[in-house]
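Participant: Structure file structure_34.csv, CSV, C-alpha atoms and all ligand atoms, is pasted below:
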```csv
chain,number,residue,atom,x,y,z
A,1,MET,CA,123.6,84.7,16.0
A,2,LEU,CA,121.4,86.0,18.9
A,3,LYS,CA,118.3,84.2,19.9
A,4,ILE,CA,116.3,85.3,23.0
A,5,ASN,CA,113.5,83.1,24.2
A,6,LYS,CA,110.9,84.3,26.7
A,7,LEU,CA,113.2,86.5,28.6
A,8,ASN,CA,111.8,88.0,31.9
A,9,LYS,CA,113.2,90.6,34.2
A,10,LYS,CA,111.5,92.4,37.1
A,11,PHE,CA,112.9,95.2,39.2
A,12,GLY,CA,110.9,94.9,42.4
A,13,LYS,CA,107.3,94.8,41.3
A,14,HIS,CA,108.1,96.5,38.0
A,15,THR,CA,108.2,94.3,35.0
A,16,ALA,CA,111.0,95.4,32.7
A,17,LEU,CA,111.0,92.4,30.3
A,18,ASP,CA,107.9,90.5,29.7
A,19,ASN,CA,108.5,87.2,27.9
A,20,LEU,CA,110.7,88.9,25.3
A,21,ASP,CA,111.6,87.0,22.2
A,22,LEU,CA,114.2,88.2,19.7
A,23,ASN,CA,116.0,86.6,16.8
A,24,ILE,CA,119.0,88.2,15.0
A,25,LYS,CA,120.7,86.3,12.2
A,26,GLU,CA,124.4,86.6,11.2
A,27,HIS,CA,125.5,89.8,9.5
A,28,GLU,CA,122.3,91.6,10.3
A,29,ILE,CA,122.4,95.2,11.6
A,30,TYR,CA,119.4,95.1,13.9
A,31,GLY,CA,117.9,98.3,15.1
A,32,PHE,CA,116.3,98.0,18.6
A,33,VAL,CA,113.7,100.8,18.9
A,34,GLY,CA,111.5,101.7,21.7
A,35,PRO,CA,110.4,104.6,24.0
A,36,ASN,CA,112.2,105.4,27.2
A,37,GLY,CA,111.9,102.7,29.7
A,38,ALA,CA,110.8,100.1,27.2
A,39,GLY,CA,113.5,97.6,28.2
A,40,LYS,CA,116.3,98.1,25.6
A,41,THR,CA,119.1,98.6,28.0
A,42,THR,CA,117.9,95.8,30.3
A,43,THR,CA,117.9,93.4,27.3
A,44,MET,CA,121.3,94.5,26.2
A,45,LYS,CA,122.8,94.2,29.6
A,46,ILE,CA,121.5,90.7,30.1
A,47,CYS,CA,122.9,89.7,26.7
A,48,ALA,CA,126.2,91.2,27.7
A,49,GLY,CA,126.2,89.2,30.9
A,50,LEU,CA,126.0,92.3,33.1
A,51,LEU,CA,122.6,91.7,34.5
A,52,LYS,CA,120.8,88.5,35.6
A,53,ALA,CA,117.5,87.6,34.0
A,54,ASP,CA,114.7,86.1,36.1
A,55,SER,CA,113.9,83.5,33.5
A,56,GLY,CA,114.3,82.8,29.8
A,57,GLU,CA,117.1,81.9,27.4
A,58,VAL,CA,119.7,83.8,25.5
A,59,TRP,CA,121.7,82.0,22.8
A,60,ILE,CA,124.7,83.8,21.2
A,61,ASP,CA,126.6,82.0,18.4
A,62,GLY,CA,125.5,78.7,19.9
A,63,ILE,CA,126.5,79.6,23.5
A,64,ASP,CA,124.0,79.5,26.3
A,65,ALA,CA,124.7,83.0,27.3
A,66,LEU,CA,122.9,83.1,30.7
A,67,ASN,CA,125.0,80.1,32.0
A,68,ASN,CA,128.3,80.6,30.3
A,69,ASN,CA,129.6,84.1,31.2
A,70,LYS,CA,133.2,83.4,30.2
A,71,GLU,CA,132.5,82.1,26.7
A,72,LEU,CA,129.9,84.8,26.3
A,73,LYS,CA,132.5,87.6,26.9
A,74,LYS,CA,134.6,86.3,24.0
A,75,LYS,CA,131.7,86.4,21.6
A,76,ILE,CA,130.4,89.9,22.3
A,77,GLY,CA,131.5,93.5,22.3
A,78,TYR,CA,129.3,95.7,24.4
A,79,MET,CA,129.2,99.5,24.3
A,80,PRO,CA,127.0,101.0,27.0
A,81,ASP,CA,125.1,104.2,26.7
A,82,PHE,CA,127.2,105.8,29.4
A,83,PHE,CA,130.8,104.7,29.2
A,84,GLY,CA,133.7,105.5,31.4
A,85,VAL,CA,137.0,106.5,29.8
A,86,TYR,CA,140.4,106.8,31.3
A,87,ASP,CA,141.3,110.4,30.7
A,88,ASN,CA,144.8,110.2,32.0
A,89,LEU,CA,145.7,107.6,29.3
A,90,LYS,CA,146.7,108.1,25.7
A,91,ALA,CA,144.4,106.5,23.1
A,92,ILE,CA,146.9,103.7,22.4
A,93,GLU,CA,147.5,103.0,26.1
A,94,TYR,CA,143.7,102.8,26.6
A,95,MET,CA,143.4,100.3,23.8
A,96,GLU,CA,146.4,98.2,25.0
A,97,PHE,CA,145.0,98.2,28.5
A,98,TYR,CA,141.9,96.5,27.2
A,99,ALA,CA,143.9,94.2,24.9
A,100,SER,CA,145.9,93.0,28.0
A,101,ILE,CA,142.6,92.1,29.7
A,102,TYR,CA,142.0,89.6,26.9
A,103,GLY,CA,145.6,88.3,27.1
A,104,ILE,CA,146.9,90.3,24.1
A,105,ASN,CA,150.2,91.9,24.9
A,106,GLY,CA,153.4,93.4,23.5
A,107,LYS,CA,153.9,93.7,19.7
A,108,GLU,CA,150.7,91.8,18.9
A,109,ALA,CA,148.7,94.2,21.1
A,110,ARG,CA,150.2,97.2,19.4
A,111,LYS,CA,149.4,95.8,16.0
A,112,VAL,CA,145.8,94.9,16.8
A,113,CYS,CA,145.2,98.2,18.5
A,114,MET,CA,146.7,100.3,15.7
A,115,GLU,CA,144.6,98.5,13.2
A,116,LEU,CA,141.5,99.1,15.2
A,117,LEU,CA,142.3,102.8,15.7
A,118,GLU,CA,142.6,103.0,12.0
A,119,ALA,CA,139.3,101.3,11.5
A,120,VAL,CA,137.6,103.9,13.7
A,121,GLN,CA,139.5,106.7,12.0
A,122,LEU,CA,141.6,107.5,15.0
A,123,LYS,CA,145.0,106.4,13.8
A,124,GLU,CA,146.5,109.9,13.9
A,125,HIS,CA,145.3,110.3,17.4
A,126,TYR,CA,146.9,107.2,18.8
A,127,ASP,CA,149.3,109.3,20.9
A,128,SER,CA,146.7,111.8,22.1
A,129,TYR,CA,145.3,111.9,25.6
A,130,VAL,CA,141.8,110.5,25.8
A,131,ASP,CA,140.6,113.7,27.5
A,132,SER,CA,141.8,115.8,24.5
A,133,LEU,CA,139.5,113.9,22.1
A,134,SER,CA,136.1,115.1,21.1
A,135,ARG,CA,133.0,113.3,22.2
A,136,GLY,CA,132.6,111.6,18.8
A,137,MET,CA,136.2,110.5,18.9
A,138,LYS,CA,135.8,109.1,22.5
A,139,GLN,CA,132.8,107.2,21.4
A,140,ARG,CA,134.8,105.7,18.4
A,141,LEU,CA,137.6,104.9,20.8
A,142,CYS,CA,135.1,103.1,23.0
A,143,LEU,CA,133.9,101.2,19.9
A,144,ALA,CA,137.5,100.2,19.0
A,145,ARG,CA,138.0,98.9,22.5
A,146,CYS,CA,134.9,96.7,22.2
A,147,LEU,CA,136.5,95.1,19.1
A,148,VAL,CA,139.8,94.3,20.6
A,149,HIS,CA,139.1,90.6,21.2
A,150,GLY,CA,137.5,90.0,17.8
A,151,PRO,CA,133.8,89.5,18.9
A,152,LYS,CA,131.1,88.2,16.6
A,153,LEU,CA,128.3,90.3,17.9
A,154,LEU,CA,128.4,94.0,18.7
A,155,ILE,CA,125.8,95.3,21.2
A,156,LEU,CA,125.6,99.1,21.0
A,157,ASP,CA,123.4,101.0,23.4
A,158,GLU,CA,122.6,104.4,21.8
A,159,PRO,CA,126.0,104.8,20.1
A,160,ALA,CA,125.0,108.0,18.4
A,161,SER,CA,123.6,109.8,21.5
A,162,GLY,CA,125.2,113.2,22.0
A,163,LEU,CA,127.0,113.2,18.7
A,164,ASP,CA,126.8,116.0,16.2
A,165,PRO,CA,125.5,115.1,12.7
A,166,ARG,CA,129.0,114.8,11.2
A,167,ALA,CA,130.2,112.5,14.0
A,168,ARG,CA,127.1,110.4,13.5
A,169,VAL,CA,127.8,110.0,9.8
A,170,VAL,CA,131.3,108.8,10.7
A,171,MET,CA,130.0,106.3,13.2
A,172,LYS,CA,127.4,105.1,10.7
A,173,ASP,CA,130.0,104.5,8.0
A,174,ILE,CA,132.2,102.6,10.5
A,175,LEU,CA,129.3,100.3,11.5
A,176,LYS,CA,128.4,99.7,7.9
A,177,ARG,CA,132.0,98.7,7.2
A,178,LEU,CA,132.1,96.3,10.2
A,179,SER,CA,128.9,94.7,9.0
A,180,ASN,CA,130.3,94.3,5.5
A,181,GLU,CA,133.2,92.5,7.1
A,182,GLY,CA,130.9,90.0,8.7
A,183,MET,CA,130.0,91.5,12.1
A,184,THR,CA,126.4,91.1,13.5
A,185,ILE,CA,125.3,94.3,15.2
A,186,LEU,CA,122.5,95.0,17.7
A,187,ILE,CA,122.0,98.8,18.0
A,188,SER,CA,119.5,100.8,20.0
A,189,SER,CA,118.7,104.3,19.2
A,190,HIS,CA,116.1,107.0,19.5
A,191,ILE,CA,117.4,108.6,16.3
A,192,LEU,CA,115.0,106.7,14.1
A,193,PRO,CA,115.8,108.1,10.6
A,194,GLU,CA,119.4,107.1,11.3
A,195,LEU,CA,118.4,103.5,12.1
A,196,VAL,CA,116.5,103.3,8.8
A,197,GLN,CA,119.6,104.3,6.9
A,198,ILE,CA,121.9,101.8,8.6
A,199,CYS,CA,119.9,98.8,9.7
A,200,THR,CA,119.0,95.8,7.7
A,201,HIS,CA,116.4,94.7,10.3
A,202,ALA,CA,114.6,96.2,13.2
A,203,GLY,CA,112.3,95.5,16.1
A,204,VAL,CA,110.1,97.7,18.2
A,205,ILE,CA,110.0,97.0,21.9
A,206,GLU,CA,107.4,98.4,24.2
A,207,LYS,CA,106.8,97.6,27.9
A,208,GLY,CA,109.3,94.7,27.7
A,209,ARG,CA,107.7,93.0,24.7
A,210,LEU,CA,108.7,92.9,21.1
A,211,VAL,CA,105.7,94.3,19.2
A,212,ILE,CA,107.1,94.0,15.7
A,213,SER,CA,110.3,92.6,14.2
A,214,GLY,CA,111.6,91.9,10.7
A,215,SER,CA,113.5,93.3,7.7
A,216,MET,CA,113.1,97.1,7.1
A,217,GLU,CA,110.8,96.3,4.2
A,218,GLU,CA,108.7,93.9,6.2
A,219,ILE,CA,108.4,96.4,9.0
A,220,THR,CA,107.4,99.4,6.9
A,221,SER,CA,104.9,97.4,5.0
A,222,ALA,CA,103.5,95.5,8.0
A,223,ARG,CA,100.9,98.1,8.7
A,224,GLY,CA,99.6,98.1,5.1
A,225,ASN,CA,99.3,101.4,3.5
A,226,ALA,CA,99.3,103.4,6.7
A,227,ARG,CA,100.5,106.5,5.1
A,228,PRO,CA,99.9,109.2,7.8
A,229,ILE,CA,99.0,112.8,7.3
A,230,VAL,CA,101.5,115.0,9.1
A,231,LEU,CA,100.5,118.6,9.8
A,232,LYS,CA,102.2,121.4,11.6
A,233,MET,CA,100.1,123.6,13.8
A,234,VAL,CA,101.1,127.3,14.2
A,235,ASP,CA,98.2,128.6,16.2
A,236,ASN,CA,94.8,127.6,17.6
A,237,GLN,CA,96.0,124.1,18.3
A,238,GLU,CA,93.0,123.1,20.4
A,239,ALA,CA,90.5,123.8,17.6
A,240,THR,CA,92.6,122.0,15.1
A,241,ILE,CA,92.9,118.9,17.3
A,242,ARG,CA,89.2,118.9,18.1
A,243,ILE,CA,88.3,119.1,14.4
A,244,ILE,CA,90.7,116.3,13.5
A,245,LYS,CA,89.3,114.1,16.3
A,246,GLU,CA,85.7,114.7,15.2
A,247,ASN,CA,86.4,113.7,11.6
A,248,PRO,CA,84.9,110.3,10.9
A,249,TYR,CA,87.9,109.1,8.9
A,250,THR,CA,90.4,109.8,11.7
A,251,ARG,CA,91.8,106.5,13.0
A,252,LYS,CA,94.7,107.5,15.2
A,253,ILE,CA,96.3,110.7,16.2
A,254,THR,CA,99.7,111.4,17.7
A,255,ILE,CA,100.7,114.8,18.9
A,256,LEU,CA,104.4,115.8,19.5
A,257,ASP,CA,104.9,119.4,20.3
A,258,ASN,CA,103.1,121.2,17.4
A,259,VAL,CA,103.2,118.3,14.9
A,260,VAL,CA,100.2,116.0,14.5
A,261,THR,CA,100.7,112.6,12.9
A,262,LEU,CA,97.3,111.3,11.8
A,263,LEU,CA,96.2,107.9,10.4
A,264,PHE,CA,93.3,108.8,8.2
A,265,SER,CA,91.2,106.3,6.3
A,266,GLY,CA,89.5,108.8,3.9
A,267,ASN,CA,90.3,109.3,0.3
A,268,GLU,CA,91.8,112.5,-1.3
A,269,GLU,CA,88.5,114.3,-1.3
A,270,GLU,CA,87.9,113.6,2.4
A,271,GLU,CA,91.4,114.7,3.1
A,272,ALA,CA,90.8,118.0,1.3
A,273,SER,CA,87.6,118.4,3.2
A,274,LEU,CA,89.4,117.9,6.5
A,275,LEU,CA,91.9,120.5,5.6
A,276,SER,CA,89.2,122.9,4.7
A,277,SER,CA,87.3,122.4,7.9
A,278,ILE,CA,90.5,123.0,10.0
A,279,ILE,CA,91.0,126.3,8.2
A,280,GLN,CA,87.3,127.3,8.5
A,281,GLY,CA,87.5,126.4,12.2
A,282,GLY,CA,90.2,128.9,12.8
A,283,GLY,CA,93.2,126.5,12.9
A,284,LEU,CA,96.4,128.0,11.6
A,285,ILE,CA,98.7,125.4,10.1
A,286,SER,CA,101.9,125.7,8.1
A,287,SER,CA,101.9,122.2,6.4
A,288,PHE,CA,99.6,119.3,5.6
A,289,THR,CA,101.2,116.4,3.8
A,290,ARG,CA,100.5,112.7,3.3
A,291,GLU,CA,103.7,110.9,4.0
A,292,GLU,CA,105.2,107.6,3.1
A,293,SER,CA,105.0,104.9,5.7
A,294,SER,CA,108.3,104.7,7.6
A,295,LEU,CA,109.8,103.2,10.6
A,296,GLU,CA,109.4,106.5,12.3
A,297,THR,CA,105.7,106.8,11.8
A,298,LEU,CA,105.3,103.2,12.6
A,299,PHE,CA,107.1,103.7,15.8
A,300,LEU,CA,104.9,106.6,16.7
A,301,GLN,CA,101.8,104.6,15.8
A,302,ILE,CA,102.8,101.7,18.1
A,303,THR,CA,104.3,103.5,21.0
A,304,HIS,CA,102.5,106.9,21.4
A,305,GLU,CA,99.2,106.1,19.9
A,306,GLU,CA,96.1,107.6,21.2
A,307,GLU,CA,92.9,105.9,20.2
A,308,THR,CA,90.3,108.3,19.1
B,401,LIG,N1,118.4,99.0,38.2
B,401,LIG,C1,117.1,99.3,38.1
B,401,LIG,N2,116.3,99.3,39.2
B,401,LIG,C2,114.9,99.6,39.0
B,401,LIG,N3,114.3,99.7,37.9
B,401,LIG,C3,115.1,99.7,36.7
B,401,LIG,C4,116.5,99.4,36.8
B,401,LIG,N4,116.9,99.4,35.5
B,401,LIG,C5,115.9,99.7,34.7
B,401,LIG,N5,114.8,99.8,35.5
B,401,LIG,C6,113.4,100.0,34.9
B,401,LIG,O1,113.1,99.0,34.0
B,401,LIG,C7,112.4,99.6,32.8
B,401,LIG,C8,113.3,99.3,31.6
B,401,LIG,O2,114.4,100.1,31.6
B,401,LIG,P1,115.5,100.2,30.5
B,401,LIG,O3,116.6,101.0,30.9
B,401,LIG,O4,115.8,98.8,30.0
B,401,LIG,O5,114.7,100.9,29.3
B,401,LIG,P2,115.2,101.5,27.9
B,401,LIG,O6,114.3,101.1,26.9
B,401,LIG,O7,116.7,101.3,27.8
B,401,LIG,O8,115.0,103.1,28.2
B,401,LIG,P3,115.9,104.3,27.7
B,401,LIG,O9,115.6,104.5,26.3
B,401,LIG,O10,115.4,105.4,28.6
B,401,LIG,O11,117.4,104.0,28.0
B,401,LIG,C9,112.2,101.1,33.1
B,401,LIG,O12,111.0,101.2,33.6
B,401,LIG,C10,113.3,101.4,34.2
B,401,LIG,O13,112.9,102.4,35.0
```
Show me, as structure tokens, the structure contained in the file I just sent.
Facilitator:
Amino acid sequence: MLKINKLNKKFGKHTALDNLDLNIKEHEIYGFVGPNGAGKTTTMKICAGLLKADSGEVWIDGIDALNNNKELKKKIGYMPDFFGVYDNLKAIEYMEFYASIYGINGKEARKVCMELLEAVQLKEHYDSYVDSLSRGMKQRLCLARCLVHGPKLLILDEPASGLDPRARVVMKDILKRLSNEGMTILISSHILPELVQICTHAGVIEKGRLVISGSMEEITSARGNARPIVLKMVDNQEATIRIIKENPYTRKITILDNVVTLLFSGNEEEEASLLSSIIQGGGLISSFTREESSLETLFLQITHEEET
């Protein structure tokens, strides 16, 4: 459904995309994960025909997307991370405005728009002003607007950002339903546990390159049995970190606030010995657990890793 070959984009001297390859098949919900500035938005904007690439190819449902903007627009629905809404319009007027852009008018527009409002759980709000809707509702309205012309590929840039947990669950359910109905979805997010729940496939992008891609199972097992030790430091962090770094079985260490994620090659005994030396060294920690390998730890490993 979406095939990207050797895509390149520079902003001045800065390389945003560096020979990026990506392949998403029909009906996949593909999570696009990467740290700030990795190139997610740039990739999505190029796929949506909003930004010119320097070189490379993008194929969407058989269309050469970089050279066929008109056909491309019919194939995709793009929801940006920051979206404008028309606050002085009612929800149904907002939808019908977008429908008219695609040549859908009158009774047909009303029917299509009401169906879509129902699909995003906003049917009862069809007559409400957009500015009276909550952030989650506005985001769902924006999603409904992206669907008005029946696209085959949805490109969603951080659709859950700024949403409270309940609104995220609603958004997730809607996306799952769309996928079950045949939609292919490319979705970027920093909220990694959420991507794990919703996505069938994922890829991690860093510095404009795809560093890993595949089904969720393939990805989480790709790094073997890299089950990290996660520990929470309460006090004397410097001593704890020094002791961990000095341990001969420490392979990689990631520190985010007071949480250390550690790739450790030792067995259970060596693990216990590490814990004991941290405590003897004056480190105060509130938890020390060996976790399952997950997309989140993999992401940390790939993107924030610090060689020891
Ligand atoms: N219009 C622009 N002009 C100059 N540099 C840009 C422009 N747009 C993006 N960049 C740079 O290109 C790189 C990739 O940016 P991009 O927005 O694609 O990253 P991202 O993965 O979407 O990040 P985030 O998660 O923060 O949204 C960054 O270093 C960014 O600063």
Participant: Using all atoms listed in the file, which residues have at least one atom no more than 7 Å from ligand LIG 401 (chain B)? Output them as a PyMOL selection string.
Facilitator: chain A and resi 11+14-16+34-43
Participant: Once you count all atoms listed in the file, which residues end up no further than 9 Å from (126.9, 86.2, 24.2) in the file's frame, shown as an mmCIF file with C-alpha atoms, in the coordinates of the input?
Facilitator:
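Written out: result.cif:
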```cif
data_model
loop_
_atom_site.group_PDB
_atom_site.id
_atom_site.type_symbol
_atom_site.label_atom_id
_atom_site.label_comp_id
_atom_site.auth_asym_id
_atom_site.auth_seq_id
_atom_site.Cartn_x
_atom_site.Cartn_y
_atom_site.Cartn_z
ATOM 1 C CA MET A 1 123.600 84.700 16.000
ATOM 2 C CA LEU A 2 121.400 86.000 18.900
ATOM 3 C CA CYS A 47 122.900 89.700 26.700
ATOM 4 C CA ALA A 48 126.200 91.200 27.700
ATOM 5 C CA GLY A 49 126.200 89.200 30.900
ATOM 6 C CA VAL A 58 119.700 83.800 25.500
ATOM 7 C CA TRP A 59 121.700 82.000 22.800
ATOM 8 C CA ILE A 60 124.700 83.800 21.200
ATOM 9 C CA ASP A 61 126.600 82.000 18.400
ATOM 10 C CA GLY A 62 125.500 78.700 19.900
ATOM 11 C CA ILE A 63 126.500 79.600 23.500
ATOM 12 C CA ASP A 64 124.000 79.500 26.300
ATOM 13 C CA ALA A 65 124.700 83.000 27.300
ATOM 14 C CA LEU A 66 122.900 83.100 30.700
ATOM 15 C CA ASN A 68 128.300 80.600 30.300
ATOM 16 C CA ASN A 69 129.600 84.100 31.200
ATOM 17 C CA GLU A 71 132.500 82.100 26.700
ATOM 18 C CA LEU A 72 129.900 84.800 26.300
ATOM 19 C CA LYS A 73 132.500 87.600 26.900
ATOM 20 C CA LYS A 74 134.600 86.300 24.000
ATOM 21 C CA LYS A 75 131.700 86.400 21.600
ATOM 22 C CA ILE A 76 130.400 89.900 22.300
ATOM 23 C CA GLY A 77 131.500 93.500 22.300
ATOM 24 C CA LYS A 152 131.100 88.200 16.600
ATOM 25 C CA LEU A 153 128.300 90.300 17.900
#
```
Participant: What is the distance between CA of Ala144 in chain A and CA of Ala119 in chain A, in Å to one decimal?
Facilitator: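 Value for the CA of Ala144 in chain A-CA of Ala119 in chain A distance: 7.8 Å.
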Participant: Could you check the closest approach to Ala53 in chain A for each of A:Phe264, A:Asp127, A:Leu186, A:Lys10 and tell me which residue wins, using all atoms listed in the file?
Facilitator: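 Comparing A:Phe264, A:Asp127, A:Leu186, A:Lys10 against Ala53 in chain A, the winner is A:Lys10.
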Participant: Which is closest to Asp131 in chain A among A:Asn88, A:Ser161, A:Thr261, A:Asn267, if we use all atoms listed in the file?
Facilitator: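 Using all atoms listed in the file, Asp131 in chain A sits closest to A:Asn88.
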Participant: What lies within 9 Å of Leu163 in chain A using all atoms listed in the file, ignoring chain neighbours under 3 positions off, as a ChimeraX atom specification?
Facilitator: /A:135-136,139,159-160,166-168
Participant: Once you have the residues from the selection above, write them out as a tab-separated table (two decimals), in the frame of the given file, restricted to C-alpha atoms.
Facilitator:
```tsv
chain	number	residue	atom	x	y	z
A	135	ARG	CA	133.00	113.30	22.20
A	136	GLY	CA	132.60	111.60	18.80
A	139	GLN	CA	132.80	107.20	21.40
A	159	PRO	CA	126.00	104.80	20.10
A	160	ALA	CA	125.00	108.00	18.40
A	166	ARG	CA	129.00	114.80	11.20
A	167	ALA	CA	130.20	112.50	14.00
A	168	ARG	CA	127.10	110.40	13.50
```
Participant: Have a look at A:Thr184, A:Asn19, A:Thr250, A:Gln197 and name the one nearest to Pro228 in chain A; count only C-alpha atoms.
Facilitator: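 Result for the nearest residue to Pro228 in chain A: A:Thr250.
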Participant: Rank nothing, just name the residue among A:Ile155, A:Ile24, A:Ile185, A:Met171 nearest to Ser215 in chain A, using all atoms listed in the file.
Facilitator: A:Ile24
Participant: Nearest to Asp173 in chain A among A:Ser273, A:Thr289, A:Gln237, A:Gln121, with distances taken over all atoms listed in the file: which residue is it?
Facilitator: A:Gln121
Participant: So how many Å separate CA of Ser128 in chain A and CA of Glu93 in chain A, to one decimal?
Facilitator: 9.7 Å
Participant: Might you pull out every residue within 7 Å of Asn5 in chain A, with all atoms listed in the file counted and same-chain residues fewer than 3 positions away left off, and present them as an NGL selection string?
Facilitator: :A and (20-22 or 56-58)
Participant: For Arg110 in chain A, work out the shell of residues within 10 Å, counting all atoms listed in the file and skipping chain neighbours fewer than 6 positions away, then give it as a ChimeraX atom specification.
Facilitator: /A:92-93,95-96,99,104,116
Participant: I need the residue nearest Glu181 in chain A from this list: A:Ile244, A:Asn23, A:Gly150, A:Leu210. Use all atoms listed in the file for the distance.
Facilitator: A:Gly150
Participant: Give me, please, the distance in Å between CA of Ile174 in chain A and CA of Tyr129 in chain A, quoted to one decimal.
Facilitator: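 Distance between the two atoms: 22.0 Å.
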Participant: Take the point (147.3, 102.5, 16.0) as written in the file and pick out every residue within 7 Å of it, counting all atoms listed in the file; give the list as JSON, numbers by chain.
Facilitator: {"A": [92, 110, 113, 114, 115, 116, 117, 118, 123, 126]}
